[in-house]
file upload-v5.txt (compact mmCIF, C-alpha atoms)
# COMPACT_ATOMS: atom_id res chain seq x y z
CA MET A 1182 42.48 -6.39 -5.54
CA ASN A 1183 40.37 -3.80 -7.32
CA PRO A 1184 42.26 -0.48 -7.91
CA ILE A 1185 39.37 1.48 -6.35
CA LEU A 1186 40.48 0.12 -2.95
CA THR A 1187 43.77 2.04 -3.21
CA LYS A 1188 41.92 5.27 -2.31
CA ASN A 1189 42.20 6.55 1.26
CA VAL A 1190 38.88 8.35 1.82
CA PHE A 1191 35.38 6.98 1.22
CA LEU A 1192 32.00 8.55 1.98
CA VAL A 1193 29.37 5.95 2.89
CA LYS A 1194 25.73 6.91 2.51
CA GLU A 1195 22.97 4.54 3.64
CA HIS A 1196 19.71 4.23 1.72
CA VAL A 1197 17.01 5.01 4.24
CA GLY A 1198 13.43 3.85 3.85
CA MET A 1199 10.50 3.22 6.11
CA PHE A 1200 9.75 -0.26 4.73
CA LYS A 1201 13.30 -1.23 3.80
CA ALA A 1202 14.42 -4.74 4.75
CA ALA A 1203 17.66 -4.90 2.75
CA ASN A 1204 20.87 -3.09 3.71
CA ASN A 1205 21.85 -0.76 0.85
CA PHE A 1206 24.67 1.79 0.79
CA ASP A 1207 26.37 3.96 -1.81
CA ILE A 1208 30.08 4.77 -1.50
CA PHE A 1209 31.26 8.10 -2.89
CA ASN A 1210 34.50 9.94 -3.44
CA PRO A 1211 33.95 12.76 -0.91
CA GLU A 1212 36.27 15.14 -2.76
CA SER A 1213 34.37 15.04 -6.06
CA GLY A 1214 30.99 13.69 -4.93
CA SER A 1215 31.14 10.97 -7.61
CA LEU A 1216 29.75 7.49 -6.97
CA MET A 1217 32.54 4.90 -6.61
CA MET A 1218 30.84 1.74 -5.38
CA THR A 1219 27.46 0.31 -4.43
CA CYS A 1220 26.77 -2.00 -1.53
CA ARG A 1221 23.64 -4.13 -1.94
CA GLU A 1222 21.93 -7.11 -0.38
CA PRO A 1223 20.50 -8.68 -3.55
CA ASN A 1224 19.16 -12.07 -2.43
CA LEU A 1225 17.14 -11.48 0.71
CA GLY A 1226 14.96 -14.46 1.66
CA PHE A 1227 11.30 -14.11 2.64
CA PHE A 1228 11.74 -15.04 6.32
CA THR A 1229 14.78 -12.79 6.67
CA LYS A 1230 12.74 -9.91 5.22
CA MET A 1231 9.98 -10.55 7.72
CA LEU A 1232 12.39 -10.72 10.69
CA ARG A 1233 14.05 -7.44 9.63
CA PHE A 1234 10.85 -5.64 10.70
CA THR A 1235 10.92 -7.14 14.20
CA ASP A 1236 13.10 -6.99 17.31
CA TYR A 1237 15.01 -9.98 15.86
CA LYS A 1238 16.62 -7.87 13.13
CA ARG A 1239 20.08 -8.10 14.76
CA ILE A 1240 20.17 -11.90 14.53
CA THR A 1241 19.26 -12.17 10.84
CA PRO A 1242 21.82 -13.37 8.30
CA PHE A 1243 23.15 -11.09 5.58
CA ASN A 1244 24.95 -11.47 2.26
CA ILE A 1245 26.14 -8.13 0.94
CA VAL A 1246 27.90 -7.44 -2.36
CA ILE A 1247 30.09 -4.37 -2.91
CA SER A 1248 30.42 -3.57 -6.63
CA ASP A 1249 31.94 -0.85 -8.76
CA THR A 1250 29.80 1.47 -10.89
CA GLN A 1251 29.84 -1.10 -13.75
CA ASN A 1252 28.27 -3.64 -11.35
CA LYS A 1253 31.49 -5.71 -11.16
CA LYS A 1254 31.82 -7.40 -7.77
CA ILE A 1255 34.70 -6.18 -5.60
CA ILE A 1256 34.00 -8.01 -2.32
CA SER A 1257 31.13 -9.82 -0.60
CA ILE A 1258 30.30 -9.97 3.09
CA LYS A 1259 28.41 -12.91 4.63
CA ARG A 1260 27.05 -13.76 8.05
CA GLY A 1261 24.71 -16.53 9.12
CA THR A 1262 22.07 -16.29 11.81
CA THR A 1263 23.62 -15.22 15.11
CA PHE A 1264 22.47 -14.91 18.70
CA PHE A 1265 25.34 -13.62 20.85
CA ARG A 1266 28.21 -12.52 18.65
CA SER A 1267 28.88 -12.24 14.93
CA ASP A 1268 31.57 -13.88 12.86
CA VAL A 1269 31.44 -12.30 9.41
CA GLU A 1270 33.24 -13.78 6.40
CA ILE A 1271 34.75 -11.58 3.68
CA PHE A 1272 35.25 -12.87 0.12
CA ASP A 1273 37.06 -11.37 -2.88
CA GLU A 1274 35.62 -10.91 -6.38
CA GLY A 1275 36.25 -14.62 -7.12
CA ASP A 1276 34.39 -15.73 -3.94
CA ARG A 1277 37.65 -16.75 -2.21
CA LEU A 1278 37.72 -16.21 1.55
CA ILE A 1279 40.08 -13.31 2.37
CA GLY A 1280 39.22 -12.64 6.01
CA VAL A 1281 36.92 -12.93 9.00
CA LEU A 1282 35.57 -10.28 11.35
CA LYS A 1283 35.13 -11.71 14.85
CA GLN A 1284 32.87 -9.70 17.13
CA LYS A 1285 34.15 -9.45 20.69
CA PHE A 1286 31.60 -10.21 23.37
CA PHE A 1287 31.12 -7.66 26.19
CA SER A 1288 32.78 -4.72 24.45
CA PHE A 1289 31.46 -1.20 25.02
CA GLY A 1290 30.72 0.56 21.75
CA GLY A 1291 31.53 -2.48 19.62
CA LYS A 1292 34.70 -4.32 18.73
CA PHE A 1293 35.79 -6.61 15.89
CA GLU A 1294 39.01 -8.57 15.65
CA ILE A 1295 39.97 -8.67 11.97
CA HIS A 1296 41.65 -11.90 10.83
CA ASP A 1297 42.98 -13.05 7.46
CA ALA A 1298 41.82 -16.24 5.72
CA ASN A 1299 44.36 -18.26 7.78
CA ASP A 1300 42.92 -16.88 11.06
CA ARG A 1301 45.91 -14.60 11.76
CA HIS A 1302 44.97 -11.46 13.67
CA LEU A 1303 45.59 -8.35 11.53
CA CYS A 1304 44.00 -5.46 13.43
CA THR A 1305 41.10 -4.46 15.68
CA LEU A 1306 38.10 -2.25 14.98
CA GLN A 1307 36.86 -0.60 18.14
CA GLY A 1308 34.25 2.06 18.82
CA LYS A 1309 32.99 4.33 21.56
CA TRP A 1310 29.58 3.59 22.99
CA THR A 1311 28.86 7.34 23.30
CA GLY A 1312 29.14 8.18 19.62
CA TRP A 1313 29.87 7.17 16.09
CA ASP A 1314 33.67 7.08 16.12
CA PHE A 1315 35.49 3.87 15.26
CA LYS A 1316 39.21 3.24 14.94
CA PHE A 1317 41.20 0.46 13.29
CA ILE A 1318 44.18 -0.33 15.54
CA GLN A 1319 47.23 -2.34 14.44
CA GLN A 1320 50.13 -2.81 16.88
CA ASP A 1321 48.86 0.08 19.06
CA LYS A 1322 48.68 2.48 16.08
CA GLU A 1323 45.58 3.85 14.36
CA ILE A 1324 45.61 2.82 10.68
CA ALA A 1325 42.08 3.96 9.75
CA ASN A 1326 39.00 5.56 11.30
CA VAL A 1327 35.29 5.95 10.67
CA SER A 1328 33.46 9.10 11.70
CA LYS A 1329 30.39 11.17 11.01
CA LYS A 1330 32.60 14.27 10.81
CA TRP A 1331 33.86 15.54 7.47
CA ALA A 1332 34.98 19.01 6.47
CA GLY A 1333 35.76 18.36 2.79
CA ILE A 1334 33.90 19.20 -0.39
CA GLY A 1335 31.39 16.38 0.18
CA LYS A 1336 30.14 17.84 3.48
CA GLU A 1337 26.78 18.65 1.87
CA PHE A 1338 26.10 14.89 1.86
CA PHE A 1339 25.85 15.02 5.66
CA THR A 1340 22.18 15.89 5.83
CA SER A 1341 21.26 12.68 7.65
CA ALA A 1342 22.60 10.59 10.52
CA ASP A 1343 23.19 7.68 8.12
CA ASN A 1344 26.33 9.04 6.43
CA TYR A 1345 29.92 8.59 7.52
CA VAL A 1346 33.49 8.76 6.25
CA LEU A 1347 36.18 6.08 6.22
CA ASN A 1348 39.73 7.48 6.33
CA ILE A 1349 42.57 5.00 5.71
CA ASN A 1350 45.98 6.35 6.75
CA GLU A 1351 48.39 7.06 3.91
CA ASN A 1352 50.99 4.80 5.51
CA VAL A 1353 48.80 1.74 4.73
CA PRO A 1354 50.27 0.53 1.39
CA SER A 1355 47.89 0.86 -1.57
CA ASP A 1356 48.20 -2.88 -2.30
CA ASP A 1357 47.76 -3.98 1.35
CA LYS A 1358 45.37 -6.95 1.62
CA LEU A 1359 43.91 -5.30 4.72
CA ARG A 1360 42.15 -2.59 2.66
CA PRO A 1361 39.16 -4.71 1.50
CA LEU A 1362 38.77 -6.05 5.05
CA ILE A 1363 38.67 -2.50 6.45
CA LEU A 1364 35.95 -1.51 3.95
CA ALA A 1365 33.96 -4.67 4.75
CA ALA A 1366 34.21 -4.00 8.48
CA VAL A 1367 32.81 -0.48 7.96
CA MET A 1368 29.75 -1.94 6.21
CA CYS A 1369 29.21 -4.22 9.21
CA ILE A 1370 29.21 -1.44 11.83
CA ASP A 1371 25.61 -0.50 11.13
CA MET A 1372 24.36 -4.07 10.74
CA VAL A 1373 26.07 -5.57 13.80
CA PHE A 1374 26.58 -2.74 16.32
CA LYS A 1375 24.10 0.01 15.48
CA GLU A 1376 20.85 -1.72 14.46

call {"tool": "encode", "arguments": {"input": "upload-v5.txt", "output": "structure tokens"}}
result
Amino acid sequence: MNPILTKNVFLVKEHVGMFKAANNFDIFNPESGSLMMTCREPNLGFFTKMLRFTDYKRITPFNIVISDTQNKKIISIKRGTTFFRSDVEIFDEGDRLIGVLKQKFFSFGGKFEIHDANDRHLCTLQGKWTGWDFKFIQQDKEIANVSKKWAGIGKEFFTSADNYVLNINENVPSDDKLRPLILAAVMCIDMVFKE
């Protein structure tokens, strides 16, 4: 696991563009404002690009790569075409499957069950349909959350509705294999629930 994933707070800023088909994000250290990772969709097919500008955007496949600032892959996130619910696969830097996000059907605000590569349930990501607050729950305890609220040094980044902060609780061990899955799930919130 890349050492950058041992951090507890990440600021995610989406690239916004009028004619943008690909999903692109930058991930910053909100305390210093320095860029930590990039999240890009490098190999977008022609038909997928075309569908991204239609009402069928939510069903299109995606293949996203999260890299460090030296362009070294940390994790990748893949989903095929979907119609009712999304199952998203998460791979490590060596393209080994490390987990699956399983979207729950009929959930208000959005809900993912997060499983490891052996299909064991690890935690749940659930949101409120009234806002942009998501919580990662493990054994009835919150282990991380995603919000548009931030009061730290990086608060000047919050000039647009496309920025949010991931906070991983300090009691989640720095080498916990759940950390890359939590980050991957955050990248999927916009693409699966909010598009």

call {"tool": "atom_distance", "arguments": {"input": "upload-v5.txt", "atom1": "CA of Ser1355 in chain A", "atom2": "CA of Asp1249 in chain A"}}
result
17.6 Å

call {"tool": "residues_around", "arguments": {"input": "upload-v5.txt", "residues": "Arg1221 in chain A", "least_positions_apart": "6", "cutoff": "9 Å", "atoms": "all atoms listed in the file", "output": "count of residues only"}}
result
10

call {"tool": "atom_distance", "arguments": {"input": "upload-v5.txt", "atom1": "CA of Ala1365 in chain A", "atom2": "CA of Thr1219 in chain A"}}
result
12.3 Å

call {"tool": "atom_distance", "arguments": {"input": "upload-v5.txt", "atom1": "CA of Ile1349 in chain A", "atom2": "CA of Asn1326 in chain A"}}
result
6.7 Å

call {"tool": "residues_around", "arguments": {"input": "upload-v5.txt", "residues": "Phe1191 in chain A", "least_positions_apart": "6", "cutoff": "10 Å", "atoms": "all atoms listed in the file", "output": "MDAnalysis selection string"}}
result
chainID A and resid 1207:1212 1216:1218 1327 1345:1349 1364

call {"tool": "closest_residue", "arguments": {"input": "upload-v5.txt", "among": "A:Glu1222, A:Glu1274, A:Asp1268, A:Asp1321", "to": "Pro1361 in chain A", "atoms": "all atoms listed in the file"}}
result
A:Glu1274

call {"tool": "closest_residue", "arguments": {"input": "upload-v5.txt", "among": "A:Asp1297, A:Glu1195, A:Asp1276, A:Glu1323", "to": "Lys1358 in chain A", "atoms": "only C-alpha atoms"}}
result
A:Asp1297
